[in-house]
Structure formats: C-alpha cells, structure tokens
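Enquirer: The file below is model11.pdb, PDB, C-alpha atoms:
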ATOM      1  CA  MET A   1     115.729  87.478 168.677
ATOM      2  CA  LYS A   2     112.463  88.740 167.278
ATOM      3  CA  PHE A   3     111.564  91.494 164.808
ATOM      4  CA  ALA A   4     108.161  93.065 164.235
ATOM      5  CA  VAL A   5     107.058  94.707 160.995
ATOM      6  CA  VAL A   6     104.053  96.920 161.703
ATOM      7  CA  GLN A   7     101.223  96.942 159.172
ATOM      8  CA  PHE A   8      98.960  99.957 158.853
ATOM      9  CA  GLY A   9      96.118 100.220 156.350
ATOM     10  CA  GLY A  10      98.023 101.273 153.232
ATOM     11  CA  SER A  11     101.420  99.824 154.169
ATOM     12  CA  ASN A  12     102.770  98.083 151.068
ATOM     13  CA  CYS A  13     106.421  97.269 151.769
ATOM     14  CA  ASP A  14     105.644  95.280 154.905
ATOM     15  CA  ARG A  15     105.990  91.859 153.272
ATOM     16  CA  ASP A  16     109.196  92.824 151.496
ATOM     17  CA  ALA A  17     110.774  93.858 154.799
ATOM     18  CA  ALA A  18     109.539  90.696 156.549
ATOM     19  CA  TYR A  19     110.817  88.552 153.647
ATOM     20  CA  VAL A  20     114.315  90.070 153.824
ATOM     21  CA  LEU A  21     114.454  89.643 157.588
ATOM     22  CA  SER A  22     113.118  86.098 157.803
ATOM     23  CA  GLU A  23     114.239  84.547 154.502
ATOM     24  CA  LEU A  24     117.513  86.357 153.791
ATOM     25  CA  CYS A  25     118.700  87.259 157.289
ATOM     26  CA  GLY A  26     117.171  84.268 159.062
ATOM     27  CA  VAL A  27     115.562  86.092 161.981
ATOM     28  CA  ASP A  28     112.195  85.403 163.505
ATOM     29  CA  THR A  29     109.891  88.134 162.155
ATOM     30  CA  ASP A  30     106.210  88.824 162.708
ATOM     31  CA  LEU A  31     103.923  90.976 160.625
ATOM     32  CA  VAL A  32     101.891  92.840 163.251
ATOM     33  CA  TRP A  33      98.612  94.601 162.474
ATOM     34  CA  TYR A  34      98.796  98.006 164.159
ATOM     35  CA  LYS A  35      95.609  97.427 166.152
ATOM     36  CA  ASP A  36      97.167  94.359 167.803
ATOM     37  CA  GLY A  37      99.883  96.456 169.468
ATOM     38  CA  ILE A  38     103.592  95.732 169.888
ATOM     39  CA  SER A  39     104.385  93.423 172.791
ATOM     40  CA  PRO A  40     107.584  93.941 174.827
ATOM     41  CA  SER A  41     108.962  90.659 173.434
ATOM     42  CA  TYR A  42     110.292  92.306 170.259
ATOM     43  CA  ASP A  43     113.942  93.346 169.956
ATOM     44  CA  ALA A  44     113.401  95.528 166.915
ATOM     45  CA  VAL A  45     110.463  97.164 165.161
ATOM     46  CA  ILE A  46     110.259  98.112 161.486
ATOM     47  CA  LEU A  47     107.812 100.736 160.243
ATOM     48  CA  PRO A  48     107.603  99.832 156.556
ATOM     49  CA  GLY A  49     106.977 101.884 153.437
ATOM     50  CA  GLY A  50     103.617 102.494 151.850
ATOM     51  CA  PHE A  51     100.830 105.021 152.029
ATOM     52  CA  SER A  52      99.307 104.675 155.477
ATOM     53  CA  TYR A  53      95.939 106.421 155.602
ATOM     54  CA  GLY A  54      96.362 107.400 151.951
ATOM     55  CA  ASP A  55      98.954 110.019 152.944
ATOM     56  CA  TYR A  56      95.976 112.163 154.018
ATOM     57  CA  LEU A  57      96.769 115.349 155.969
ATOM     58  CA  ARG A  58     100.556 114.783 155.739
ATOM     59  CA  ALA A  59     102.372 111.549 154.937
ATOM     60  CA  GLY A  60     102.665 109.573 158.173
ATOM     61  CA  ALA A  61     100.720 112.093 160.261
ATOM     62  CA  ILE A  62      97.703 109.936 160.998
ATOM     63  CA  ALA A  63      99.605 106.688 161.609
ATOM     64  CA  ALA A  64     101.864 108.625 164.007
ATOM     65  CA  ARG A  65      98.834 109.300 166.191
ATOM     66  CA  THR A  66      97.521 105.742 166.468
ATOM     67  CA  GLN A  67      97.682 103.799 169.727
ATOM     68  CA  VAL A  68     100.383 101.410 168.579
ATOM     69  CA  MET A  69     102.782 104.348 168.693
ATOM     70  CA  ASP A  70     102.509 104.335 172.509
ATOM     71  CA  ASP A  71     103.891 100.782 172.450
ATOM     72  CA  ILE A  72     106.610 101.848 170.057
ATOM     73  CA  ARG A  73     107.434 104.850 172.247
ATOM     74  CA  ARG A  74     107.922 102.445 175.169
ATOM     75  CA  HIS A  75     110.028 100.165 172.959
ATOM     76  CA  VAL A  76     112.284 103.078 171.931
ATOM     77  CA  LYS A  77     112.528 104.359 175.499
ATOM     78  CA  GLU A  78     113.863 100.947 176.521
ATOM     79  CA  GLY A  79     116.703 101.490 174.058
ATOM     80  CA  LYS A  80     115.438  98.928 171.536
ATOM     81  CA  LEU A  81     115.769  99.460 167.791
ATOM     82  CA  LEU A  82     113.252 101.168 165.515
ATOM     83  CA  LEU A  83     113.802 101.454 161.753
ATOM     84  CA  GLY A  84     111.426 103.619 159.706
ATOM     85  CA  ILE A  85     111.612 103.157 155.938
ATOM     86  CA  CYS A  86     109.987 105.672 153.567
ATOM     87  CA  ASN A  87     106.429 106.033 154.916
ATOM     88  CA  GLY A  88     107.878 104.577 158.119
ATOM     89  CA  ALA A  89     110.432 107.397 158.170
ATOM     90  CA  GLN A  90     107.647 109.941 157.747
ATOM     91  CA  ILE A  91     105.826 108.296 160.665
ATOM     92  CA  CYS A  92     109.032 108.428 162.782
ATOM     93  CA  ALA A  93     109.402 112.159 162.111
ATOM     94  CA  GLU A  94     105.707 112.878 162.690
ATOM     95  CA  SER A  95     105.969 110.986 165.998
ATOM     96  CA  GLY A  96     108.954 113.039 167.076
ATOM     97  CA  PHE A  97     111.318 110.028 167.230
ATOM     98  CA  VAL A  98     113.719 111.944 164.999
ATOM     99  CA  PRO A  99     113.836 115.720 164.532
ATOM    100  CA  GLY A 100     112.478 117.447 161.441
ATOM    101  CA  VAL A 101     109.969 116.346 158.832
ATOM    102  CA  PHE A 102     109.910 114.632 155.429
ATOM    103  CA  THR A 103     107.742 116.837 153.253
ATOM    104  CA  ILE A 104     106.764 117.289 149.612
ATOM    105  CA  ASN A 105     109.647 116.991 147.137
ATOM    106  CA  ALA A 106     111.155 120.222 145.783
ATOM    107  CA  TYR A 107     110.002 119.074 142.351
ATOM    108  CA  PRO A 108     106.557 117.938 143.479
ATOM    109  CA  LYS A 109     106.369 114.602 141.721
ATOM    110  CA  PHE A 110     106.732 110.995 142.761
ATOM    111  CA  VAL A 111     110.346 109.975 142.227
ATOM    112  CA  CYS A 112     111.136 106.270 141.879
ATOM    113  CA  ARG A 113     114.683 105.274 140.949
ATOM    114  CA  PRO A 114     117.965 103.993 142.306
ATOM    115  CA  VAL A 115     120.127 106.623 144.020
ATOM    116  CA  TYR A 116     123.598 106.713 145.488
ATOM    117  CA  LEU A 117     124.057 107.268 149.198
ATOM    118  CA  LYS A 118     127.079 108.118 151.259
ATOM    119  CA  VAL A 119     127.319 106.368 154.618
ATOM    120  CA  GLU A 120     127.982 109.282 156.972
ATOM    121  CA  THR A 121     128.462 107.335 160.165
ATOM    122  CA  THR A 122     129.106 103.725 161.074
ATOM    123  CA  ASP A 123     128.631 104.525 164.739
ATOM    124  CA  SER A 124     125.046 103.291 164.944
ATOM    125  CA  PRO A 125     123.242  99.964 165.347
ATOM    126  CA  PHE A 126     122.016 100.337 161.742
ATOM    127  CA  THR A 127     125.240 101.135 159.910
ATOM    128  CA  SER A 128     128.006  99.352 161.819
ATOM    129  CA  LEU A 129     128.667  96.873 158.988
ATOM    130  CA  TYR A 130     129.360  99.604 156.416
ATOM    131  CA  ARG A 131     132.598 101.519 155.971
ATOM    132  CA  GLU A 132     132.616 105.210 156.873
ATOM    133  CA  GLY A 133     132.171 107.175 153.650
ATOM    134  CA  GLU A 134     131.131 104.082 151.672
ATOM    135  CA  ILE A 135     128.926 104.712 148.623
ATOM    136  CA  ILE A 136     125.916 102.427 148.361
ATOM    137  CA  GLN A 137     123.000 102.200 145.958
ATOM    138  CA  LEU A 138     119.374 101.917 147.076
ATOM    139  CA  PRO A 139     116.079 102.827 145.398
ATOM    140  CA  VAL A 140     113.888 105.718 146.479
ATOM    141  CA  ALA A 141     110.132 105.842 145.802
ATOM    142  CA  HIS A 142     108.364 108.826 147.284
ATOM    143  CA  LYS A 143     106.696 112.175 146.745
ATOM    144  CA  GLU A 144     107.142 113.453 150.291
ATOM    145  CA  GLY A 145     110.763 112.820 151.093
ATOM    146  CA  ARG A 146     112.390 116.241 151.266
ATOM    147  CA  TYR A 147     113.977 116.404 154.686
ATOM    148  CA  VAL A 148     113.556 119.719 156.507
ATOM    149  CA  THR A 149     114.758 120.565 159.997
ATOM    150  CA  SER A 150     115.280 123.794 161.887
ATOM    151  CA  ASP A 151     115.961 122.574 165.407
ATOM    152  CA  PRO A 152     118.594 121.228 165.289
ATOM    153  CA  LEU A 153     119.834 122.689 162.030
ATOM    154  CA  PRO A 154     120.870 120.192 159.331
ATOM    155  CA  SER A 155     124.529 121.156 159.856
ATOM    156  CA  GLU A 156     124.235 120.421 163.588
ATOM    157  CA  LEU A 157     122.747 116.999 162.848
ATOM    158  CA  LEU A 158     125.721 116.248 160.632
ATOM    159  CA  ARG A 159     128.188 117.481 163.215
ATOM    160  CA  ASN A 160     126.529 115.382 165.912
ATOM    161  CA  LYS A 161     126.811 112.296 163.698
ATOM    162  CA  CYS A 162     123.025 111.957 163.618
ATOM    163  CA  VAL A 163     122.986 111.681 159.822
ATOM    164  CA  ALA A 164     123.307 108.108 158.566
ATOM    165  CA  PHE A 165     122.936 108.659 154.807
ATOM    166  CA  ARG A 166     123.172 111.508 152.297
ATOM    167  CA  PHE A 167     122.393 111.502 148.574
ATOM    168  CA  CYS A 168     125.565 111.677 146.506
ATOM    169  CA  SER A 169     127.093 111.065 143.072
ATOM    170  CA  PRO A 170     128.443 107.610 142.133
ATOM    171  CA  ASP A 171     131.855 108.745 143.351
ATOM    172  CA  GLY A 172     130.576 110.250 146.582
ATOM    173  CA  GLN A 173     130.167 113.951 145.802
ATOM    174  CA  VAL A 174     127.387 115.314 147.995
ATOM    175  CA  ASP A 175     125.895 118.110 145.900
ATOM    176  CA  PRO A 176     122.415 119.293 144.844
ATOM    177  CA  GLU A 177     122.691 117.675 141.416
ATOM    178  CA  TRP A 178     122.430 114.238 143.034
ATOM    179  CA  ASN A 179     119.614 115.176 145.394
ATOM    180  CA  PRO A 180     116.338 113.680 144.069
ATOM    181  CA  ASN A 181     113.984 115.557 146.399
ATOM    182  CA  GLY A 182     115.643 118.773 147.592
ATOM    183  CA  ALA A 183     116.409 117.452 151.099
ATOM    184  CA  ALA A 184     118.429 119.785 153.335
ATOM    185  CA  LEU A 185     122.147 119.057 152.844
ATOM    186  CA  ASN A 186     121.079 115.930 150.881
ATOM    187  CA  ILE A 187     120.121 114.254 154.173
ATOM    188  CA  THR A 188     117.949 111.159 153.817
ATOM    189  CA  GLY A 189     118.743 109.010 156.849
ATOM    190  CA  VAL A 190     118.388 110.515 160.323
ATOM    191  CA  LEU A 191     119.287 109.020 163.705
ATOM    192  CA  ASN A 192     117.871 110.132 167.035
ATOM    193  CA  GLU A 193     120.294 111.293 169.740
ATOM    194  CA  GLN A 194     120.177 107.902 171.485
ATOM    195  CA  ARG A 195     120.998 106.303 168.111
ATOM    196  CA  ASN A 196     118.380 103.571 168.415
ATOM    197  CA  VAL A 197     116.010 105.055 165.808
ATOM    198  CA  LEU A 198     116.822 105.432 162.124
ATOM    199  CA  ALA A 199     114.382 107.142 159.756
ATOM    200  CA  MET A 200     115.323 106.824 156.092
ATOM    201  CA  MET A 201     113.565 107.484 152.782
ATOM    202  CA  PRO A 202     115.449 104.956 150.561
ATOM    203  CA  HIS A 203     114.331 101.324 150.587
ATOM    204  CA  PRO A 204     116.977  98.892 151.869
ATOM    205  CA  GLU A 205     114.466  96.011 151.705
ATOM    206  CA  ARG A 206     114.252  96.494 147.927
ATOM    207  CA  ALA A 207     118.019  96.178 147.597
ATOM    208  CA  SER A 208     118.900  93.148 149.672
ATOM    209  CA  GLU A 209     119.504  90.597 146.915
ATOM    210  CA  LYS A 210     121.919  90.817 143.978
ATOM    211  CA  VAL A 211     119.175  89.608 141.645
ATOM    212  CA  LEU A 212     117.332  92.890 142.322
ATOM    213  CA  GLY A 213     120.332  94.924 141.214
ATOM    214  CA  SER A 214     121.885  95.664 144.594
ATOM    215  CA  ASP A 215     122.225  94.022 147.974
ATOM    216  CA  ASP A 216     123.669  97.132 149.596
ATOM    217  CA  GLY A 217     120.613  97.520 151.812
ATOM    218  CA  LYS A 218     120.926  94.151 153.498
ATOM    219  CA  ARG A 219     123.718  95.314 155.793
ATOM    220  CA  ILE A 220     121.294  97.665 157.565
ATOM    221  CA  PHE A 221     119.294  94.651 158.728
ATOM    222  CA  GLU A 222     122.470  92.654 159.398
ATOM    223  CA  SER A 223     123.900  95.560 161.425
ATOM    224  CA  MET A 224     120.737  95.573 163.537
ATOM    225  CA  ILE A 225     120.942  91.814 164.057
ATOM    226  CA  SER A 226     124.597  92.013 165.022
ATOM    227  CA  TYR A 227     123.844  94.851 167.466
ATOM    228  CA  ILE A 228     121.063  92.849 169.121
ATOM    229  CA  GLU A 229     123.299  89.777 169.360
ATOM    230  CA  GLN A 230     125.964  91.834 171.110
ATOM    231  CA  HIS A 231     123.642  93.797 173.398
ATOM    232  CA  GLY A 232     121.087  91.102 174.129
TER
ATOM    233  CA  MET B   1      77.103 125.291 172.515
ATOM    234  CA  LEU B   2      78.021 124.495 168.926
ATOM    235  CA  TYR B   3      80.745 126.632 167.387
ATOM    236  CA  THR B   4      82.037 126.727 163.830
ATOM    237  CA  VAL B   5      85.759 127.307 163.708
ATOM    238  CA  LYS B   6      87.880 128.025 160.669
ATOM    239  CA  ILE B   7      91.472 126.790 160.959
ATOM    240  CA  SER B   8      93.978 127.889 158.311
ATOM    241  CA  ILE B   9      97.283 126.054 158.018
ATOM    242  CA  SER B  10     100.066 127.566 155.929
ATOM    243  CA  LEU B  11     103.736 126.981 155.419
ATOM    244  CA  LYS B  12     105.944 129.191 157.564
ATOM    245  CA  GLU B  13     107.549 132.204 155.941
ATOM    246  CA  GLY B  14     110.535 131.167 153.844
ATOM    247  CA  MET B  15     109.493 127.498 153.538
ATOM    248  CA  LEU B  16     109.684 126.056 150.051
ATOM    249  CA  ASP B  17     106.176 125.587 148.626
ATOM    250  CA  PRO B  18     106.612 123.409 145.506
ATOM    251  CA  GLU B  19     102.874 123.211 144.861
ATOM    252  CA  ALA B  20     102.575 127.005 144.907
ATOM    253  CA  SER B  21     105.530 127.347 142.515
ATOM    254  CA  ALA B  22     103.913 124.901 140.079
ATOM    255  CA  ILE B  23     100.583 126.760 140.215
ATOM    256  CA  ARG B  24     102.330 130.108 139.795
ATOM    257  CA  HIS B  25     104.105 128.741 136.742
ATOM    258  CA  ALA B  26     100.802 127.514 135.299
ATOM    259  CA  LEU B  27      99.265 130.964 135.835
ATOM    260  CA  LEU B  28     102.196 132.484 134.016
ATOM    261  CA  ASN B  29     101.527 130.119 131.100
ATOM    262  CA  LEU B  30      98.019 131.594 130.971
ATOM    263  CA  GLY B  31      99.497 135.083 130.833
ATOM    264  CA  TYR B  32      99.158 136.065 134.501
ATOM    265  CA  GLU B  33     102.323 137.436 136.015
ATOM    266  CA  THR B  34     102.304 137.120 139.810
ATOM    267  CA  ASP B  35     104.672 138.394 142.476
ATOM    268  CA  ASP B  36     103.874 135.722 144.993
ATOM    269  CA  LEU B  37     101.534 132.791 145.482
ATOM    270  CA  ARG B  38     101.007 130.749 148.622
ATOM    271  CA  THR B  39      98.822 127.790 149.415
ATOM    272  CA  THR B  40      96.765 127.533 152.604
ATOM    273  CA  ARG B  41      94.684 124.632 153.748
ATOM    274  CA  VAL B  42      91.465 125.578 155.487
ATOM    275  CA  TYR B  43      89.505 123.307 157.817
ATOM    276  CA  THR B  44      86.004 124.304 158.813
ATOM    277  CA  ILE B  45      85.134 122.398 161.961
ATOM    278  CA  ARG B  46      81.976 122.382 164.055
ATOM    279  CA  PHE B  47      82.120 121.208 167.649
ATOM    280  CA  ASN B  48      80.757 121.779 171.139
ATOM    281  CA  ALA B  49      82.540 124.220 173.441
ATOM    282  CA  ALA B  50      81.652 126.097 176.631
ATOM    283  CA  ASP B  51      82.251 129.520 175.086
ATOM    284  CA  LYS B  52      84.187 131.287 172.366
ATOM    285  CA  ASN B  53      87.475 131.131 174.297
ATOM    286  CA  ASN B  54      87.072 127.456 174.951
ATOM    287  CA  ALA B  55      86.361 126.854 171.254
ATOM    288  CA  SER B  56      89.555 128.679 170.367
ATOM    289  CA  GLU B  57      91.563 126.709 172.960
ATOM    290  CA  LYS B  58      90.226 123.422 171.640
ATOM    291  CA  ALA B  59      91.083 124.423 168.073
ATOM    292  CA  THR B  60      94.608 125.394 169.154
ATOM    293  CA  LYS B  61      95.071 121.945 170.679
ATOM    294  CA  MET B  62      93.811 120.335 167.451
ATOM    295  CA  CYS B  63      96.470 122.263 165.538
ATOM    296  CA  GLU B  64      99.235 121.408 167.984
ATOM    297  CA  ARG B  65      98.341 117.738 168.213
ATOM    298  CA  LEU B  66      97.472 116.912 164.597
ATOM    299  CA  LEU B  67      96.566 119.494 162.007
ATOM    300  CA  ALA B  68      99.856 121.432 161.846
ATOM    301  CA  ASN B  69     103.437 120.256 161.959
ATOM    302  CA  PRO B  70     105.328 122.921 163.933
ATOM    303  CA  VAL B  71     108.513 122.279 161.937
ATOM    304  CA  ILE B  72     106.998 123.722 158.761
ATOM    305  CA  HIS B  73     103.547 125.144 159.509
ATOM    306  CA  SER B  74     101.945 128.159 161.087
ATOM    307  CA  TYR B  75      98.220 128.336 161.742
ATOM    308  CA  SER B  76      95.461 130.789 162.445
ATOM    309  CA  ILE B  77      92.108 130.195 164.097
ATOM    310  CA  GLU B  78      88.880 132.059 163.563
ATOM    311  CA  VAL B  79      85.878 131.268 165.725
ATOM    312  CA  MET B  80      82.931 132.058 163.476
ATOM    313  CA  GLY B  81      80.293 131.675 166.211
TER
END
Show how you would write the structure in this file as structure tokens.
Expert:
Amino acid sequence: MKFAVVQFGGSNCDRDAAYVLSELCGVDTDLVWYKDGISPSYDAVILPGGFSYGDYLRAGAIAARTQVMDDIRRHVKEGKLLLGICNGAQICAESGFVPGVFTINAYPKFVCRPVYLKVETTDSPFTSLYREGEIIQLPVAHKEGRYVTSDPLPSELLRNKCVAFRFCSPDGQVDPEWNPNGAALNITGVLNEQRNVLAMMPHPERASEKVLGSDDGKRIFESMISYIEQHG
Amino acid sequence: MLYTVKISISLKEGMLDPEASAIRHALLNLGYETDDLRTTRVYTIRFNAADKNNASEKATKMCERLLANPVIHSYSIEVMG
C-alpha cells in the first residue's frame, strides 16, 4: 500500500500529513512534487493544506489547473482514494471532484482554532471507523472555507449522504452559532457521488496524536488504510 | 491583430460578499450611508485574435476555464479594440 502527498509551491501541511501516515499509521508514503506527476502505483493521494500559488485568483484555483491534476483525475476515475485537506479541499472543489466551492469566510478573517464536528456518515472510505453522529474535535485554519453549493443544493448533499462532517456544538447541535465560517448548513466535509473523494476544511493531520490535544483526526487516515486493505 | 479585452468578474446576485460588507461598514464609519456596495474584479488583457468576435470567444473561454468559478461568479466581457 502506498500513499502520495502532493506538494505544490506554497503547500505547508504536506510534511505533517506524510508524518501522520508514515510514522503514526505505518504506511509507505511519498512526498511528490507536483511537477513529477502521480504514478498509477499509488493507492491514495492526499492534497495537503497550505497556500498554493499564494491563494492568488481564488484559493486552489491555479493548482487545480496544473498538469498533475490530469494524473489525479485518472486516479479518481479508477476508484482510488483522494483526500483534500484545507487548501487541498479548495483544490478538489476547483477541480470539480466535489460539487460547490470553498470561498471567503462570512466574517472575512483567517480563523484558526479547534472546532467540533459531527460525523454525518460512516458510509465512506474516509469515515468508516467513526460512529454515525459521533462528535469529534479538529482544528480549522483558513480564510476561504465557507462552503457554497447550488447544484446540488446543500440539503440534497445531506440527503444523499455526501456530507461527511458538519460544524456543531460540543454536544452535537448543528446551528449557526458553532459555524466558524458561514458554510451552508455548517457543511465542511464533502464526498463525491462515488464516495472516493473527500474534501474537508478541518485538519485531521493536526489532530492525530493525543499530545497535540486530540487524535480524533487519525481515524480518517486509518479508515482509508482499512478500506484499501479490504479492496486491494 | 492585438485586442485589449476587459473582463469583469462579480459575485452572482444574492451571493454573500463579506469584503463588500466590510467596506460598506467602513464607509458608514466615515459618515457615508450606502444602499448597496458590490466588489468586481477587472482584468485587462491584451492578446492576439483574428477579429473582434474571436477575441470575445477567447475571453469567454478564459472565464470558463480559469477566471470565474461558475458556482459563485458571473462575468462580462468588453472588447476594447
């Protein structure tokens, strides 16, 4: 089993993601410079957080139009796993891997703090090791994280079980008070229809060890590993 | 022939524009009451095209493929000549 963490100019969570995967989860993980392309040998690809291309134009817009995305499109088409975290989520949306867009926060400032998330579905390769409705804590760190979608509507995404995570209170109330960026229906983790792409704004790689305050994020990576083990 | 094209990208009607709200608030602090304020990003681009129509077509493609995100943006194109 082999994971790739793609590095763009301006990625800055690439090493954290690779560290969690290789050191904490024990899987073979390569950091891959975007110009080197993604070979078909990888089982899963991570698009990490950061500020690719300085967030110029729109966050993720320029990275989404680089050549490596053709490789990643092929990878996704083959049914393999793609996880986009923060800037990676913005790149996933800009590439059309998931519907909608992550745009400037309702209160237009950088927000960096731990938040509570409700696990909306465990029926995905990324969330199978959680319990349905479980409340987890992960940090967010973004200025362009407000999820907006019109086709499908946010309510349709929820109904179709294409929402993995929503912002909530510590006891699981999903309401605007606990929404750090104004995202539609508090949505902050979106799955594609085929369920092999997850785009999420919170940082699971920053919450994968107890010493960092929470290891709730680690099960995303472990879910992926378990899925790959089962599906080859 | 070289054409100069002005491409304006704005948020679609009804889309939340946090930057515009902040600016509107700042204007209010200076004593200016406003009914509405919207932000638009303008790109002035010069490139080769066969004729005016072709310049407009090329600019449309630029919007569709990169400059605008159809989920939130609308755009207008003006071929300046």
Enquirer: Around all listed atoms of segment 64-80 of chain B, padded 8 Å per side, what centre and edge lengths does the axis-aligned box have in Å to one decimal, as JSON?
Expert:
{"center_x": 95.7, "center_y": 124.5, "center_z": 163.5, "size_x": 41.6, "size_y": 31.1, "size_z": 25.5}
Enquirer: Check which residues satisfy the PyMOL selection byres ((chain A and resi 156-172) around 7) in the file shown, then give them as a list in words.
Expert: Tyr116, Leu117, Lys118, Val119, Glu120, Thr121, Ile135, Pro152, Leu153, Pro154, Ser155, Gln173, Val174, Asp175, Trp178, Asn179, Asn186, Ile187, Thr188, Gly189, Val190, Leu191, Asn192 and Glu193 of chain A
Enquirer: Please identify every residue of chain B that has at least one atom no more than 8 Å from any atom of chain A, counting all atoms listed in the file, and report them as a PyMOL selection string.
Expert: chain B and resi 16-19+66-67+69+71-72
Enquirer: Just want the 7 Å neighbourhood of Ala141 of chain A, counted on all atoms listed in the file, with same-chain residues fewer than 4 positions away dropped. Output as a VMD selection string.
Expert: chain A and resid 110 to 113
Enquirer: Quote the spacing between atom CA of Leu31 of chain A and atom CA of Thr122 of chain A in Å to one decimal place.
Expert: 28.2 Å
Enquirer: Any chance you could resolve the PyMOL selection byres ((chain B and resi 39) around 10) against this file and give the residues as a list in words?
Expert: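 Checked against the file, the PyMOL selection byres ((chain B and resi 39) around 10) matches Ile9, Ser10, Leu11, Asp17, Pro18, Glu19, Ala20, Ser21, Ile23, Leu37, Arg38, Thr40, Arg41 and Val42 of chain B.
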Enquirer: From the list B:Asp36, B:Glu78, B:Glu64, B:Glu57, which residue is nearest Ile7 of chain B when using all atoms listed in the file?
Expert: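 Answer, going by the shortest atom-to-atom distance: B:Glu78.
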Enquirer: Report the distance between atom CA of Phe8 of chain A and atom CA of Pro40 of chain A in Å, rounded to one decimal place.
Expert: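 Those two atoms sit 19.1 Å apart.
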Enquirer: Measure the distance from atom CA of Gly50 of chain A to atom CA of Glu229 of chain A in Å and round it to one decimal.
Expert: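 Distance reported for this atom pair: 29.3 Å.
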Enquirer: Assuming the chain letters and numbering stay as they are in my file, what does the PyMOL selection byres ((chain A and resi 60) around 12) actually select? List them as an MDAnalysis selection string.
Expert: (chainID A and resid 8:11 47:59 61:66 69 84:96 101:103 144:145) or (chainID B and resid 66 69)
Enquirer: Name the closest residue to Pro204 of chain A among the candidates A:Gly37, A:Pro139, A:Gly79, A:Pro176; distances are taken between atoms, counting all atoms listed in the file.
Expert: A:Pro139
Enquirer: Please identify all polymer residues within 12 Å of Lys58 of chain B, counting all atoms listed in the file, omitting same-chain residues fewer than 2 positions from it, and present them as a PDB file with C-alpha atoms, keeping the file's coordinate frame.
Expert:
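So part24.pdb came out as:
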ATOM      1  CA  TYR B   3      80.745 126.632 167.387  1.00  0.00           C
ATOM      2  CA  THR B   4      82.037 126.727 163.830  1.00  0.00           C
ATOM      3  CA  VAL B   5      85.759 127.307 163.708  1.00  0.00           C
ATOM      4  CA  ILE B   7      91.472 126.790 160.959  1.00  0.00           C
ATOM      5  CA  ILE B  45      85.134 122.398 161.961  1.00  0.00           C
ATOM      6  CA  ARG B  46      81.976 122.382 164.055  1.00  0.00           C
ATOM      7  CA  PHE B  47      82.120 121.208 167.649  1.00  0.00           C
ATOM      8  CA  ASN B  48      80.757 121.779 171.139  1.00  0.00           C
ATOM      9  CA  ALA B  49      82.540 124.220 173.441  1.00  0.00           C
ATOM     10  CA  ALA B  50      81.652 126.097 176.631  1.00  0.00           C
ATOM     11  CA  ASP B  51      82.251 129.520 175.086  1.00  0.00           C
ATOM     12  CA  LYS B  52      84.187 131.287 172.366  1.00  0.00           C
ATOM     13  CA  ASN B  53      87.475 131.131 174.297  1.00  0.00           C
ATOM     14  CA  ASN B  54      87.072 127.456 174.951  1.00  0.00           C
ATOM     15  CA  ALA B  55      86.361 126.854 171.254  1.00  0.00           C
ATOM     16  CA  SER B  56      89.555 128.679 170.367  1.00  0.00           C
ATOM     17  CA  THR B  60      94.608 125.394 169.154  1.00  0.00           C
ATOM     18  CA  LYS B  61      95.071 121.945 170.679  1.00  0.00           C
ATOM     19  CA  MET B  62      93.811 120.335 167.451  1.00  0.00           C
ATOM     20  CA  CYS B  63      96.470 122.263 165.538  1.00  0.00           C
ATOM     21  CA  GLU B  64      99.235 121.408 167.984  1.00  0.00           C
ATOM     22  CA  ARG B  65      98.341 117.738 168.213  1.00  0.00           C
ATOM     23  CA  ILE B  77      92.108 130.195 164.097  1.00  0.00           C
ATOM     24  CA  GLU B  78      88.880 132.059 163.563  1.00  0.00           C
ATOM     25  CA  VAL B  79      85.878 131.268 165.725  1.00  0.00           C
TER      26      VAL B  79
END
Enquirer: Determine the nearest neighbour of Asp16 of chain A from the options A:Ile228, A:Val140, A:Leu198, A:Ile46, counting all atoms listed in the file.
Expert: A:Ile46
